[in-house]
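Everything below belongs to upload17.tsv, which stores TSV, C-alpha atoms.
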chain	number	residue	atom	x	y	z
A	1	MET	CA	195.26	-19.67	132.15
A	2	ALA	CA	194.18	-22.79	134.00
A	3	THR	CA	196.43	-24.03	136.76
A	4	GLN	CA	196.76	-27.39	138.35
A	5	GLN	CA	197.25	-27.99	142.07
A	6	VAL	CA	199.28	-30.78	143.64
A	7	LEU	CA	198.05	-31.42	147.17
A	8	SER	CA	198.74	-34.26	149.59
A	9	THR	CA	196.38	-36.79	151.11
A	10	ARG	CA	196.97	-38.99	154.12
A	11	ILE	CA	195.53	-42.48	153.91
A	12	THR	CA	195.13	-45.44	156.29
A	13	THR	CA	197.83	-45.57	158.99
A	14	THR	CA	199.74	-48.60	160.27
A	15	THR	CA	200.49	-48.62	164.00
A	16	TRP	CA	203.03	-50.74	165.90
A	17	ALA	CA	202.47	-51.18	169.65
A	18	ASP	CA	202.65	-53.88	172.34
A	19	SER	CA	198.94	-54.50	171.77
A	20	GLY	CA	196.03	-52.78	170.10
A	21	GLY	CA	197.98	-51.82	166.97
A	22	ASP	CA	198.10	-53.25	163.47
A	23	ALA	CA	201.43	-54.96	164.20
A	24	VAL	CA	203.47	-55.80	167.29
A	25	ILE	CA	206.61	-54.16	168.64
A	26	THR	CA	207.36	-54.93	172.29
A	27	LEU	CA	208.29	-51.54	173.77
A	28	ARG	CA	206.83	-52.11	177.24
A	29	ASN	CA	209.65	-51.85	179.78
A	30	LEU	CA	212.33	-51.76	177.04
A	31	ALA	CA	215.58	-51.38	178.95
A	32	THR	CA	218.07	-48.61	178.28
A	33	ALA	CA	220.81	-49.48	175.77
A	34	THR	CA	218.61	-52.12	174.14
A	35	GLY	CA	216.61	-52.18	170.94
A	36	ARG	CA	213.54	-53.76	169.44
A	37	LYS	CA	212.32	-54.40	165.87
A	38	GLY	CA	208.64	-54.67	165.12
A	39	ALA	CA	207.01	-57.42	163.10
A	40	LEU	CA	207.28	-56.85	159.35
A	41	VAL	CA	204.09	-55.59	157.69
A	42	ASP	CA	203.21	-56.64	154.15
A	43	ARG	CA	202.11	-53.68	152.03
A	44	GLY	CA	200.95	-56.09	149.32
A	45	ALA	CA	201.88	-56.45	145.68
A	46	GLY	CA	201.54	-53.69	143.11
A	47	SER	CA	201.83	-49.93	143.34
A	48	LYS	CA	201.98	-48.56	146.88
A	49	PRO	CA	202.67	-45.16	148.46
A	50	MET	CA	206.37	-44.49	148.87
A	51	TRP	CA	206.36	-41.45	151.20
A	52	TYR	CA	205.32	-41.73	154.83
A	53	GLN	CA	205.07	-39.52	157.87
A	54	VAL	CA	206.19	-41.37	161.00
A	55	THR	CA	205.00	-40.47	164.49
A	56	ALA	CA	206.82	-42.00	167.45
A	57	VAL	CA	205.09	-41.68	170.82
A	58	MET	CA	207.39	-42.60	173.71
A	59	GLN	CA	207.21	-42.47	177.51
A	60	CYS	CA	209.77	-43.41	180.17
A	61	GLU	CA	209.15	-45.30	183.40
A	62	ALA	CA	211.44	-43.15	185.57
A	63	THR	CA	212.94	-39.68	185.82
A	64	VAL	CA	215.20	-38.96	182.83
A	65	VAL	CA	217.89	-36.51	181.78
A	66	VAL	CA	216.57	-33.98	179.27
A	67	GLY	CA	218.06	-34.39	175.80
A	68	LEU	CA	218.52	-38.17	175.77
A	69	THR	CA	216.93	-40.10	172.92
A	70	VAL	CA	215.06	-43.05	171.59
A	71	ASP	CA	216.53	-43.64	168.12
A	72	LEU	CA	214.22	-44.74	165.31
A	73	TYR	CA	215.19	-46.87	162.32
A	74	LEU	CA	213.41	-48.44	159.35
A	75	CYS	CA	213.84	-52.08	158.35
A	76	GLN	CA	212.71	-53.05	154.83
A	77	SER	CA	212.55	-56.32	152.92
A	78	ASP	CA	211.73	-57.46	149.41
A	79	GLY	CA	210.64	-60.83	150.81
A	80	THR	CA	214.06	-62.42	150.32
A	81	TYR	CA	216.56	-60.04	151.89
A	82	ILE	CA	215.87	-58.15	155.12
A	83	SER	CA	217.97	-55.08	155.91
A	84	GLY	CA	220.24	-55.65	158.89
A	85	ASN	CA	219.89	-59.43	158.49
A	86	LEU	CA	216.99	-59.25	160.93
A	87	GLY	CA	214.01	-61.61	161.15
A	88	THR	CA	210.38	-61.11	160.22
A	89	GLY	CA	208.82	-60.93	163.70
A	90	ASP	CA	208.90	-58.74	166.78
A	91	GLU	CA	212.45	-59.26	168.05
A	92	ALA	CA	215.56	-57.78	169.63
A	93	PHE	CA	217.29	-55.08	167.57
A	94	PRO	CA	221.04	-55.12	168.21
A	95	LEU	CA	222.83	-51.80	167.78
A	96	VAL	CA	225.35	-53.54	165.52
A	97	ALA	CA	222.53	-53.87	162.93
A	98	SER	CA	221.88	-50.10	162.83
A	99	PRO	CA	224.33	-49.28	159.98
A	100	ASN	CA	222.38	-51.69	157.74
A	101	VAL	CA	218.92	-50.24	158.34
A	102	ASP	CA	217.69	-46.70	157.61
A	103	TYR	CA	217.98	-44.11	160.40
A	104	MET	CA	214.77	-42.05	160.56
A	105	GLY	CA	215.37	-39.74	163.52
A	106	SER	CA	215.34	-39.54	167.32
A	107	ALA	CA	212.60	-38.84	169.84
A	108	THR	CA	214.24	-36.64	172.48
A	109	THR	CA	213.26	-36.41	176.14
A	110	GLN	CA	212.04	-32.90	176.97
A	111	VAL	CA	211.29	-32.97	180.70
A	112	VAL	CA	212.79	-34.91	183.61
A	113	THR	CA	209.43	-36.07	184.98
A	114	ALA	CA	208.71	-39.80	184.74
A	115	HIS	CA	205.62	-40.96	182.83
A	116	THR	CA	205.69	-37.91	180.53
A	117	GLN	CA	205.03	-38.53	176.87
A	118	PHE	CA	207.43	-37.24	174.22
A	119	THR	CA	206.57	-37.37	170.52
A	120	LYS	CA	208.65	-37.14	167.37
A	121	ARG	CA	207.19	-36.59	163.89
A	122	ILE	CA	209.38	-37.53	160.97
A	123	LYS	CA	208.33	-36.54	157.47
A	124	ASN	CA	209.38	-37.86	154.08
A	125	VAL	CA	210.35	-41.40	155.08
A	126	LEU	CA	210.87	-43.34	151.86
A	127	ILE	CA	209.60	-46.93	151.78
A	128	VAL	CA	210.27	-48.79	148.53
A	129	GLU	CA	210.05	-52.44	149.55
A	130	ARG	CA	206.96	-54.58	150.06
A	131	TYR	CA	207.67	-55.36	153.74
A	132	PHE	CA	208.71	-52.92	156.45
A	133	ALA	CA	208.93	-52.39	160.21
A	134	PRO	CA	210.25	-49.83	162.67
A	135	CYS	CA	213.26	-50.45	164.89
A	136	VAL	CA	213.74	-48.63	168.20
A	137	TYR	CA	216.91	-48.21	170.27
A	138	ASN	CA	216.46	-46.81	173.79
A	139	LEU	CA	219.22	-44.39	174.85
A	140	THR	CA	217.26	-42.55	177.56
A	141	GLY	CA	219.16	-44.06	180.49
A	142	VAL	CA	215.96	-45.61	181.89
A	143	ASN	CA	213.37	-48.17	180.81
A	144	LEU	CA	210.45	-47.21	178.61
A	145	GLU	CA	207.02	-47.19	180.28
A	146	ASN	CA	205.93	-50.39	182.02
A	147	THR	CA	202.14	-50.27	182.00
A	148	THR	CA	199.63	-52.76	180.67
A	149	THR	CA	198.13	-50.04	178.48
A	150	PRO	CA	200.49	-49.50	175.54
A	151	LEU	CA	201.73	-45.92	175.80
A	152	CYS	CA	204.65	-46.26	173.38
A	153	LYS	CA	203.78	-46.69	169.73
A	154	ILE	CA	204.97	-45.90	166.23
A	155	ILE	CA	202.52	-44.78	163.55
A	156	PHE	CA	203.27	-44.77	159.81
A	157	THR	CA	200.96	-42.59	157.70
A	158	PRO	CA	201.20	-42.83	153.90
A	159	VAL	CA	201.25	-39.42	152.22
A	160	VAL	CA	200.21	-39.52	148.57
A	161	ASP	CA	199.99	-36.83	145.93
A	162	ASP	CA	196.47	-35.65	145.18
A	163	ILE	CA	196.74	-34.03	141.76
A	164	GLN	CA	193.85	-31.71	141.05
A	165	ALA	CA	192.65	-31.18	137.51
A	166	ALA	CA	193.30	-27.82	135.92
A	167	ALA	CA	190.34	-25.51	136.34
Take the structure in this file and express it as C-alpha coordinates.
Amino acid sequence: MATQQVLSTRITTTTWADSGGDAVITLRNLATATGRKGALVDRGAGSKPMWYQVTAVMQCEATVVVGLTVDLYLCQSDGTYISGNLGTGDEAFPLVASPNVDYMGSATTQVVTAHTQFTKRIKNVLIVERYFAPCVYNLTGVNLENTTTPLCKIIFTPVVDDIQAAA
(Lines of atoms letter the chains of each structure in order from A and count residues from 1; the text may use other names and numbers.)
(Lines give C-alpha, C1' and ligand atoms only; values in the text may rest on other atoms or scores of the structure.)
Protein backbone atom coordinates (compact mmCIF):
# COMPACT_ATOMS: atom_id res chain seq x y z
CA MET A 1 0.00 0.00 0.00
CA ALA A 2 1.34 3.39 -1.01
CA THR A 3 1.75 5.97 1.72
CA GLN A 4 1.97 9.69 1.58
CA GLN A 5 4.33 11.81 3.68
CA VAL A 6 3.62 15.27 5.05
CA LEU A 7 6.89 17.08 5.70
CA SER A 8 7.63 20.72 6.47
CA THR A 9 9.64 23.25 4.52
CA ARG A 10 11.04 26.54 5.74
CA ILE A 11 10.97 29.39 3.25
CA THR A 12 12.32 32.95 3.10
CA THR A 13 12.66 34.57 6.54
CA THR A 14 11.75 38.11 7.59
CA THR A 15 14.10 39.74 10.10
CA TRP A 16 13.47 42.81 12.28
CA ALA A 17 16.54 44.63 13.64
CA ASP A 18 17.83 48.18 14.20
CA SER A 19 19.54 47.94 10.81
CA GLY A 20 20.47 45.27 8.32
CA GLY A 21 17.14 43.45 8.55
CA ASP A 22 14.10 43.34 6.30
CA ALA A 23 12.20 45.69 8.63
CA VAL A 24 13.09 48.00 11.51
CA ILE A 25 12.54 47.55 15.23
CA THR A 26 14.65 49.82 17.43
CA LEU A 27 15.97 47.50 20.15
CA ARG A 28 19.36 49.19 20.62
CA ASN A 29 19.60 50.41 24.22
CA LEU A 30 15.90 49.63 24.89
CA ALA A 31 15.43 50.56 28.54
CA THR A 32 14.03 48.17 31.12
CA ALA A 33 10.26 48.37 31.62
CA THR A 34 9.77 49.75 28.11
CA GLY A 35 8.57 48.22 24.88
CA ARG A 36 8.97 48.57 21.15
CA LYS A 37 6.89 47.53 18.12
CA GLY A 38 8.52 46.90 14.78
CA ALA A 39 7.36 48.33 11.48
CA LEU A 40 4.51 46.34 9.94
CA VAL A 41 5.52 44.05 7.07
CA ASP A 42 3.14 43.44 4.17
CA ARG A 43 2.91 39.75 3.29
CA GLY A 44 1.03 40.66 0.10
CA ALA A 45 -2.38 39.65 -1.20
CA GLY A 46 -3.46 36.08 -1.80
CA SER A 47 -2.60 32.83 -0.09
CA LYS A 48 0.30 33.03 2.37
CA PRO A 49 1.84 30.70 4.95
CA MET A 50 0.03 30.83 8.27
CA TRP A 51 2.49 29.03 10.57
CA TYR A 52 5.80 30.58 11.56
CA GLN A 53 8.76 29.76 13.76
CA VAL A 54 10.00 32.87 15.58
CA THR A 55 13.57 33.27 16.80
CA ALA A 56 14.33 36.13 19.20
CA VAL A 57 18.00 36.92 19.73
CA MET A 58 18.56 39.27 22.67
CA GLN A 59 21.56 40.65 24.56
CA CYS A 60 21.76 42.96 27.58
CA GLU A 61 24.15 45.87 28.09
CA ALA A 62 24.87 45.16 31.77
CA THR A 63 24.93 42.35 34.32
CA VAL A 64 21.46 40.84 34.77
CA VAL A 65 19.58 38.63 37.20
CA VAL A 66 19.08 35.13 35.79
CA GLY A 67 15.46 34.34 34.99
CA LEU A 68 14.28 37.81 33.96
CA THR A 69 12.66 38.16 30.54
CA VAL A 70 12.13 40.00 27.33
CA ASP A 71 8.47 39.36 26.45
CA LEU A 72 7.53 38.87 22.81
CA TYR A 73 4.18 39.74 21.23
CA LEU A 74 2.68 39.69 17.73
CA CYS A 75 0.82 42.64 16.22
CA GLN A 76 -1.37 41.93 13.17
CA SER A 77 -3.46 44.09 10.86
CA ASP A 78 -5.86 43.58 7.99
CA GLY A 79 -4.91 47.02 6.66
CA THR A 80 -7.75 48.78 8.46
CA TYR A 81 -7.56 47.65 12.07
CA ILE A 82 -4.27 47.13 13.91
CA SER A 83 -4.26 45.00 17.05
CA GLY A 84 -3.54 47.06 20.16
CA ASN A 85 -4.50 50.26 18.30
CA LEU A 86 -0.83 50.64 17.40
CA GLY A 87 0.62 52.39 14.35
CA THR A 88 2.27 51.01 11.24
CA GLY A 89 5.89 52.01 11.91
CA ASP A 90 8.68 51.29 14.37
CA GLU A 91 7.32 52.81 17.59
CA ALA A 92 6.94 52.58 21.35
CA PHE A 93 4.95 49.58 22.60
CA PRO A 94 3.12 50.46 25.81
CA LEU A 95 2.46 47.55 28.18
CA VAL A 96 -1.20 48.61 28.32
CA ALA A 97 -1.50 47.43 24.67
CA SER A 98 -0.30 43.89 25.49
CA PRO A 99 -3.76 42.38 26.19
CA ASN A 100 -4.81 43.36 22.65
CA VAL A 101 -1.89 41.75 20.81
CA ASP A 102 -0.86 38.08 20.77
CA TYR A 103 1.65 36.91 23.38
CA MET A 104 4.23 34.62 21.73
CA GLY A 105 6.62 33.82 24.58
CA SER A 106 9.55 35.15 26.60
CA ALA A 107 13.30 35.12 26.05
CA THR A 108 14.78 34.45 29.49
CA THR A 109 18.20 35.56 30.73
CA GLN A 110 20.39 32.54 31.48
CA VAL A 111 23.65 33.99 32.82
CA VAL A 112 24.46 37.14 34.79
CA THR A 113 27.30 38.22 32.48
CA ALA A 114 26.70 41.38 30.45
CA HIS A 115 26.89 41.19 26.64
CA THR A 116 25.82 37.52 26.61
CA GLN A 117 23.33 36.50 23.97
CA PHE A 118 20.15 34.64 24.91
CA THR A 119 17.86 33.14 22.28
CA LYS A 120 14.26 31.98 22.33
CA ARG A 121 12.67 29.86 19.59
CA ILE A 122 8.90 29.88 19.42
CA LYS A 123 7.14 27.42 17.14
CA ASN A 124 3.63 27.41 15.72
CA VAL A 125 2.97 31.15 15.70
CA LEU A 126 -0.22 31.68 13.72
CA ILE A 127 -0.33 34.70 11.40
CA VAL A 128 -3.62 35.18 9.55
CA GLU A 129 -3.57 38.85 8.58
CA ARG A 130 -1.77 40.51 5.68
CA TYR A 131 0.39 42.81 7.87
CA PHE A 132 2.36 41.85 10.97
CA ALA A 133 5.17 42.92 13.28
CA PRO A 134 6.80 41.80 16.51
CA CYS A 135 6.47 43.71 19.77
CA VAL A 136 9.09 43.47 22.52
CA TYR A 137 8.81 44.41 26.20
CA ASN A 138 12.06 44.49 28.19
CA LEU A 139 11.71 43.16 31.76
CA THR A 140 15.39 42.29 32.32
CA GLY A 141 16.08 45.12 34.77
CA VAL A 142 18.75 46.59 32.46
CA ASN A 143 18.93 48.07 28.97
CA LEU A 144 19.30 45.87 25.91
CA GLU A 145 22.67 45.99 24.14
CA ASN A 146 23.91 49.41 23.03
CA THR A 147 26.26 48.72 20.13
CA THR A 148 26.22 50.05 16.60
CA THR A 149 26.13 46.48 15.29
CA PRO A 150 22.58 45.17 15.78
CA LEU A 151 22.84 42.24 18.17
CA CYS A 152 19.15 42.02 19.05
CA LYS A 153 16.84 40.81 16.33
CA ILE A 154 13.65 38.87 15.71
CA ILE A 155 13.39 36.40 12.83
CA PHE A 156 10.12 35.01 11.46
CA THR A 157 10.46 31.84 9.37
CA PRO A 158 7.39 30.57 7.50
CA VAL A 159 6.88 26.82 7.90
CA VAL A 160 4.74 25.28 5.16
CA ASP A 161 3.51 21.75 4.59
CA ASP A 162 5.38 19.85 1.91
CA ILE A 163 3.02 17.06 0.93
CA GLN A 164 4.80 14.23 -0.84
CA ALA A 165 2.99 12.14 -3.42
CA ALA A 166 2.17 8.58 -2.52
CA ALA A 167 4.85 6.20 -3.75
For Tyr81 (chain A), list every protein, DNA or RNA residue within 12 Å, evaluated using only C-alpha atoms, and leave out those in the same chain fewer than 3 positions away; present the list as a list in words.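 These residues fall inside the cut-off: Cys75, Gln76, Ser77, Asp78, Gly84, Asn85, Leu86, Gly87, Thr88, Asn100, Val101, Glu129, Arg130, Tyr131 and Phe132 of chain A.
Distance check against Ala114 (chain A) using all atoms listed in the file: of A:Asn29, A:Thr80, A:Gln59, A:Thr140, the minimum falls on A:Gln59.
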For a quick check of understanding, using all atoms listed in the file, which of A:Gln117, A:Asn124, A:Thr26, A:Gln53 has the smallest distance to Leu151 (chain A)? A:Gln117
d(CA of Ala31 (chain A), CA of Val142 (chain A)) in Å: 6.5 Å
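CA of Arg28 (chain A) is positioned 8.4 Å from CA of Asn143 (chain A).
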Residues near Thr9 (chain A), anyone? I mean within 10 Å using all atoms listed in the file, not counting same-chain ones fewer than 5 positions away, as a ChimeraX atom specification. /A:157-163
Just the selected residues (C-alpha atoms), exported as a tab-separated table (two decimals), in the coordinates of the input, please.
chain	number	residue	atom	x	y	z
A	157	THR	CA	200.96	-42.59	157.70
A	158	PRO	CA	201.20	-42.83	153.90
A	159	VAL	CA	201.25	-39.42	152.22
A	160	VAL	CA	200.21	-39.52	148.57
A	161	ASP	CA	199.99	-36.83	145.93
A	162	ASP	CA	196.47	-35.65	145.18
A	163	ILE	CA	196.74	-34.03	141.76
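Of the residues listed (A:Ile154, A:Leu126, A:Ala165, A:Cys60), A:Cys60 shows the shortest atom-to-atom separation from Thr32 (chain A); distances use all atoms listed in the file.
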